[in-house]
2 protein chains.
Amino acid sequence: MTTSAPAATGPHVLRQINVTAVLTALRQTSSATARVADLMTTTGLSRPAVTRALADLREADLVELIADDAARVGRPAQRARFRAELGHVAGVDVGPHKILIKIADLAGDILTTHRVTTPPNATGPDVFTLVSQALDQAVKAAGLTHADLWAVCVGTPGIVDREHGEVLLAPSIPGWAGLPVVPELRDRLHCPVLIDNDVNLAVLAERWQGTAIGVDSLVFVQWGERIGTGLIIDGAPYRGAHAAAGELGFLDLGLPPNDPTGRPAADEGTGPFERLVGAAAIHELAVAMTAGDRDRDLHAQLTRPGERDITPLFTAAAAGSPTAIAVIDRVAARFAQGLSALILLLDPEQVVIGGGLSRAGDTLLEPIRRQLRGRTLSATSLHASTLGDDAVALGAVRHALDATADRLAAS
Amino acid sequence: MTTSAPAATGPHVLRQINVTAVLTALRQTSSATARVADLMTTTGLSRPAVTRALADLREADLVELIADDAARVGRPAQRARFRAELGHVAGVDVGPHKILIKIADLAGDILTTHRVTTPPNATGPDVFTLVSQALDQAVKAAGLTHADLWAVCVGTPGIVDREHGEVLLAPSIPGWAGLPVVPELRDRLHCPVLIDNDVNLAVLAERWQGTAIGVDSLVFVQWGERIGTGLIIDGAPYRGAHAAAGELGFLDLGLPPNDPTGRPAADEGTGPFERLVGAAAIHELAVAMTAGDRDRDLHAQLTRPGERDITPLFTAAAAGSPTAIAVIDRVAARFAQGLSALILLLDPEQVVIGGGLSRAGDTLLEPIRRQLRGRTLSATSLHASTLGDDAVALGAVRHALDATADRLAAS
């Protein structure tokens with residue numbers, strides 16, 4: 001009984017394995033084009049095996065041969081190109097305040113980005129109507145029709161039953177949970193429609209095109225009014241045994257000693273850590289710590305009627321205000337206490353901070369890094385997201401692209 | 001381009017895949033014996049494919065055919081049996097106070113368990129000598145020689161570099177870290193020698209033979225003087241990007257309000273959560289809370305000179321002592337605060353508590369379960385380990401067995 005290497009020629013199953021390997025390698029190159037030699041290196045297959053797989057792929061119209069501008073003397077002057085224009089996918093980010101849609105081809109190149117601001121007080125059904133209309137507009141703007149969509153993925157806040165395509169709980173969009181979003185979109189678009197939690201998609205985007213390309217052990221922390229995390233463990237999304245992993249916002253750390261603000265009263269649906277260090281708690285802390293003579297200008301900016309913007313805090317800190325810096329140090333200490341629990345338990349290679357607070361960049365992240373040093377045991381690095389508002393829609397595109405693999409294989 | 005099902009006959013690679021599938025299925029049956037029909041069901045292969053694979057395995061002496069006592073009329077009266085006696089493995093648990101060795105055959109049946117108590121003040125080299133001697137004794141007691149060992153796995157406290165087979169840090173066994181344990185054992189035994197952290201092995205044992213058989217998302221918490229965890233995520237051990245995942249003992253939660261005991265002074269190598277709720281902290285809390293008139297008997301038992309045994313606390317609680325119950329409730333609240341962080345972030349299907357504290361069983365676990373209800377969002381279940389002191393050595397056997405797969409495939 002001996003193990004032999006897979007034969008390059010052989011029955012259909014091996015031939016199909018080789019075709020899939022070549023197609024995957026081709027799609028993963030940045031330009032979706034490659035020479036036979038490149039594909040031999042990436043796949044480990046022989047020249048005859050790669051050539052045969054490319055012939056199969058040409059027959060199925062998935063690949064064409066194009067002139068190789070960089071060809072050297074004596075080399076075949078052709079490259080294989082994946083025909084990414086064969087199909088398209090849509091990534092849809094449904095948030096409390098906006099709908100953001102991205103249309104991409106099968107290579108993941110974005111053709112169109114379309115944004116709609118959700119009116120205040122929009123109900124769940126209103127939001128669904130807006131999503132449908134926005135999808136139509138985005139598809140049209142990309143010069144496509146519904147028939148060109150091979151898959152659509154919707155990202156949403158809250159708790160999602162991915163298998164049945166249902167939003168089970170989404171306190172930030174009243175009336176959204178329980179709507180038949182997936183079946184209705186599937187009926188309209190006649191293609192697979194996926195749905196997932198927004199942070200679970202954002203972490204895919206960070207690993208695909210963000211600050212954590214290819215990182216196999218990765219945590220994305222969405223930090224705004226709410227705090228949620230998306231996890232990638234050993235290269236795969238991890239959602240937990242009951243789809244409830246990464247609930248950093250519900251950590252209960254108790255209050256640090258000598259903290260001037262009490263924890264706001266419990267609010268249905270928010271967790272202790274969100275109430276301690278979410279945007280509202282930071283605003284409250286900043287207002288309290290700038291009161292009196294400590295920083296009149298900043299206090300005035302923070303207490304303008306009808307506003308609860310904390311941007312002035314970070315602007316003042318960057319300009320050297322000792323009070324603003326003290327507030328941020330307090331926030332960093334609180335946040336690092338929770339984040340250190342996550343790092344101690346998961347030991348990720350990288351943590352990426354997204355959401356509104358990530359815009360403060362190193363003004364906020366550097367004090368957090370200092371705080372983490374005494375609280376953690378491993379060399380996890382901390383970065384601000386570079387994808388900003390695009391992360392969820394981009395991650396939805398990535399997830400939809402992955403769902404096209406079956407259709408490609410059946411071509 | 002179409003996908004066809006794998007052919008049952010075909011080139012060597014497919015035949016080898018079928019042989020591996022049949023051998024794996026056979027090894028995983030409880031008796032390591034099975035009928036062809038059973039193997040068809042488990043592997044999904046056709047009768048000719050299973051029969052051919054069994055013929056290959058017989059030729060390699062890995063399988064024999066035995067009479068089937070339960071055969072019904074008209075059925076072939078034979079079962080295939082994996083020849084588990086072909087090779088053996090050793091699992092070695094090196095702890096601060098004991099060395100425990102288990103020798104098993106290739107089916108995982110334990111032939112011998114051998115225990116050696118480590119003398120107080122034994123140095124690292126003393127411990128290594130004891131391990132070598134104990135291995136010799138265990139192999140002899142099993143009626144074997146070194147040549148019968150196909151793989152050995154050593155479990156140790158501390159931080160382990162698995163790739164280079166080095167113990168990097170092990171404060172609980174002075175002088176143990178840095179010893180060339182793996183290379184020296186490999187030279188003596190002439191077989192693969194693996195090393196891993198003790199809790200990483202214990203969690204394998206719980207999933208193999210403990211209270212969490214087959215659970216794919218599992219946390220084992222070792223709770224004694226120290227607190228450590230072993231994680232299984234999506235069916236595979238997870239150790240973190242820097243081999244530092246699961247460091248629950250280093251969680252810093254701050255002290256619960258109104259706690260009568262302060263946190264003991266920082267000690268090199270122990271973490272805040274261990275200092276808050278490890279066995280020493282529980283003893284200190286119990287002594288403080290039973291002082292004065294509150295529970296004179298229990299206080300006397302807890303303060304016997306030279307002892308720091310907390311067993312009387314759980315005996316008294318089981319017998320209804322209100323003071324003992326109050327101490328345990330306090331311990332449960334502290335522990336649940338840390339464990340809830342782990343459950344909120346990882347959402348495991350099951351948490352298994354091992355180590356000395358697990359012997360308290362439901363007297364301790366039931367108050368923890370009550371505390372968890374208000375602190376977590378998912379239905380993670382909590383169990384006491386049923387493997388007791390055997391968990392690490394058993395997990396080492398499991399890990400060593402997995403390492404024999406290559407040798408079996410090459411047979």
# chains A, B, ... in the order shown; residues from 1 in each chain; ligands from 1
call {"tool": "residues_around", "arguments": {"residues": "Asp56 of chain B", "least_positions_apart": "3", "cutoff": "8 Å", "atoms": "only C-alpha atoms", "output": "number ranges by chain"}}
result
A: 1; B: 19, 52-53, 59-60
call {"tool": "write_last_selection", "arguments": {"atoms": "N, CA and C atoms", "output": "PDB file, in the first residue's frame"}}
result
ATOM      1  N   MET A   1       0.857  -1.191   0.000  1.00  0.00           N
ATOM      2  CA  MET A   1       0.000   0.000   0.000  1.00  0.00           C
ATOM      3  C   MET A   1       0.889   1.235   0.000  1.00  0.00           C
TER       4      MET A   1
ATOM      5  N   VAL B  19      -8.816   3.709   0.969  1.00  0.00           N
ATOM      6  CA  VAL B  19      -8.176   2.920   2.027  1.00  0.00           C
ATOM      7  C   VAL B  19      -8.124   3.727   3.319  1.00  0.00           C
ATOM      8  N   ARG B  52     -12.319  -3.785  -1.692  1.00  0.00           N
ATOM      9  CA  ARG B  52     -10.976  -3.612  -2.231  1.00  0.00           C
ATOM     10  C   ARG B  52     -10.055  -2.951  -1.191  1.00  0.00           C
ATOM     11  N   ALA B  53     -10.574  -1.935  -0.476  1.00  0.00           N
ATOM     12  CA  ALA B  53      -9.777  -1.247   0.535  1.00  0.00           C
ATOM     13  C   ALA B  53      -9.401  -2.210   1.662  1.00  0.00           C
ATOM     14  N   GLU B  59      -3.496  -6.944   3.261  1.00  0.00           N
ATOM     15  CA  GLU B  59      -2.177  -7.188   2.686  1.00  0.00           C
ATOM     16  C   GLU B  59      -1.110  -6.457   3.493  1.00  0.00           C
ATOM     17  N   ALA B  60      -1.437  -5.271   4.001  1.00  0.00           N
ATOM     18  CA  ALA B  60      -0.489  -4.479   4.799  1.00  0.00           C
ATOM     19  C   ALA B  60      -0.508  -4.891   6.274  1.00  0.00           C
TER      20      ALA B  60
END
call {"tool": "select_by_dssp", "arguments": {"residues": "segment 133-374 of chain A", "states": "strand (DSSP E)", "output": "VMD selection string"}}
result
chain A and resid 149 to 156 159 to 161 166 to 169 193 to 197 218 to 223 227 to 233 236 to 238 350 to 354
call {"tool": "calpha_fit_rmsd", "arguments": {"fixed": "chain A", "moving": "chain B"}}
result
0.1 Å
call {"tool": "residues_around", "arguments": {"residues": "Arg188 of chain A", "least_positions_apart": "5", "cutoff": "9 Å", "atoms": "only C-alpha atoms", "output": "list in words"}}
result
Ser132, His146 and Pro183 of chain A
call {"tool": "residues_around", "arguments": {"residues": "Gln350 of chain B", "least_positions_apart": "5", "cutoff": "12 Å", "atoms": "only C-alpha atoms", "output": "count of residues only"}}
result
32
call {"tool": "closest_residue", "arguments": {"among": "A:Gly361, A:Gly228, A:Gly278, A:Gly354", "to": "chain B", "atoms": "only C-alpha atoms"}}
result
A:Gly228
call {"tool": "atom_distance", "arguments": {"atom1": "atom CA of Ala326 of chain A", "atom2": "atom CA of Glu307 of chain A"}}
result
22.0 Å
call {"tool": "residues_around", "arguments": {"residues": "Arg296 of chain A", "least_positions_apart": "6", "cutoff": "12 Å", "atoms": "only C-alpha atoms", "output": "PDB file with N, CA, C and O atoms, in the first residue's frame"}}
result
ATOM      1  N   ALA A 286     -16.594  62.986  28.713  1.00  0.00           N
ATOM      2  CA  ALA A 286     -15.904  64.195  28.247  1.00  0.00           C
ATOM      3  C   ALA A 286     -16.608  65.451  28.786  1.00  0.00           C
ATOM      4  O   ALA A 286     -15.955  66.403  29.224  1.00  0.00           O
ATOM      5  N   VAL A 287     -17.932  65.445  28.768  1.00  0.00           N
ATOM      6  CA  VAL A 287     -18.682  66.591  29.309  1.00  0.00           C
ATOM      7  C   VAL A 287     -18.355  66.772  30.795  1.00  0.00           C
ATOM      8  O   VAL A 287     -18.058  67.874  31.259  1.00  0.00           O
ATOM      9  N   ALA A 288     -18.344  65.640  31.537  1.00  0.00           N
ATOM     10  CA  ALA A 288     -18.071  65.723  32.983  1.00  0.00           C
ATOM     11  C   ALA A 288     -16.644  66.203  33.254  1.00  0.00           C
ATOM     12  O   ALA A 288     -16.412  67.054  34.127  1.00  0.00           O
ATOM     13  N   MET A 289     -15.679  65.682  32.513  1.00  0.00           N
ATOM     14  CA  MET A 289     -14.275  65.996  32.804  1.00  0.00           C
ATOM     15  C   MET A 289     -13.841  67.367  32.290  1.00  0.00           C
ATOM     16  O   MET A 289     -12.783  67.866  32.672  1.00  0.00           O
ATOM     17  N   THR A 290     -14.637  67.978  31.395  1.00  0.00           N
ATOM     18  CA  THR A 290     -14.282  69.316  30.912  1.00  0.00           C
ATOM     19  C   THR A 290     -15.073  70.409  31.626  1.00  0.00           C
ATOM     20  O   THR A 290     -14.938  71.590  31.308  1.00  0.00           O
ATOM     21  N   LEU A 302     -18.854  70.451  23.186  1.00  0.00           N
ATOM     22  CA  LEU A 302     -19.459  69.146  23.481  1.00  0.00           C
ATOM     23  C   LEU A 302     -20.914  69.271  23.928  1.00  0.00           C
ATOM     24  O   LEU A 302     -21.661  68.292  23.865  1.00  0.00           O
ATOM     25  N   THR A 303     -21.290  70.477  24.404  1.00  0.00           N
ATOM     26  CA  THR A 303     -22.635  70.618  24.989  1.00  0.00           C
ATOM     27  C   THR A 303     -23.542  71.490  24.127  1.00  0.00           C
ATOM     28  O   THR A 303     -24.560  71.981  24.608  1.00  0.00           O
ATOM     29  N   ALA A 316      -9.259  68.423  19.939  1.00  0.00           N
ATOM     30  CA  ALA A 316      -8.611  69.133  21.058  1.00  0.00           C
ATOM     31  C   ALA A 316      -7.400  68.347  21.567  1.00  0.00           C
ATOM     32  O   ALA A 316      -6.356  68.932  21.883  1.00  0.00           O
ATOM     33  N   SER A 321      -4.651  69.724  24.138  1.00  0.00           N
ATOM     34  CA  SER A 321      -5.411  70.036  25.356  1.00  0.00           C
ATOM     35  C   SER A 321      -5.186  68.967  26.427  1.00  0.00           C
ATOM     36  O   SER A 321      -5.509  67.795  26.214  1.00  0.00           O
ATOM     37  N   THR A 323      -6.735  68.444  29.179  1.00  0.00           N
ATOM     38  CA  THR A 323      -7.999  67.848  29.628  1.00  0.00           C
ATOM     39  C   THR A 323      -8.502  66.820  28.625  1.00  0.00           C
ATOM     40  O   THR A 323      -8.908  65.711  29.008  1.00  0.00           O
ATOM     41  N   ALA A 324      -8.447  67.173  27.340  1.00  0.00           N
ATOM     42  CA  ALA A 324      -8.901  66.228  26.313  1.00  0.00           C
ATOM     43  C   ALA A 324      -8.049  64.962  26.339  1.00  0.00           C
ATOM     44  O   ALA A 324      -8.565  63.844  26.218  1.00  0.00           O
TER      45      ALA A 324
END
call {"tool": "residues_around", "arguments": {"residues": "segment 40-44 of chain A", "least_positions_apart": "3", "cutoff": "12 Å", "atoms": "only C-alpha atoms", "output": "ChimeraX atom specification"}}
result
/A:5-6,8,17-29,34-37,47-54
call {"tool": "atom_distance", "arguments": {"atom1": "atom CA of Gly338 of chain A", "atom2": "atom CA of Leu251 of chain A"}}
result
7.0 Å
call {"tool": "select_by_dssp", "arguments": {"residues": "segment 161-377 of chain B", "states": "alpha helix (DSSP H)", "output": "ChimeraX atom specification"}}
result
/B:181-189,198-209,272-277,279-289,296-302,311-318,322-346,362-373
call {"tool": "closest_residue", "arguments": {"among": "B:Thr404, B:Thr129, B:Ser46, B:Gln137", "to": "Leu185 of chain B", "atoms": "only C-alpha atoms"}}
result
B:Thr129
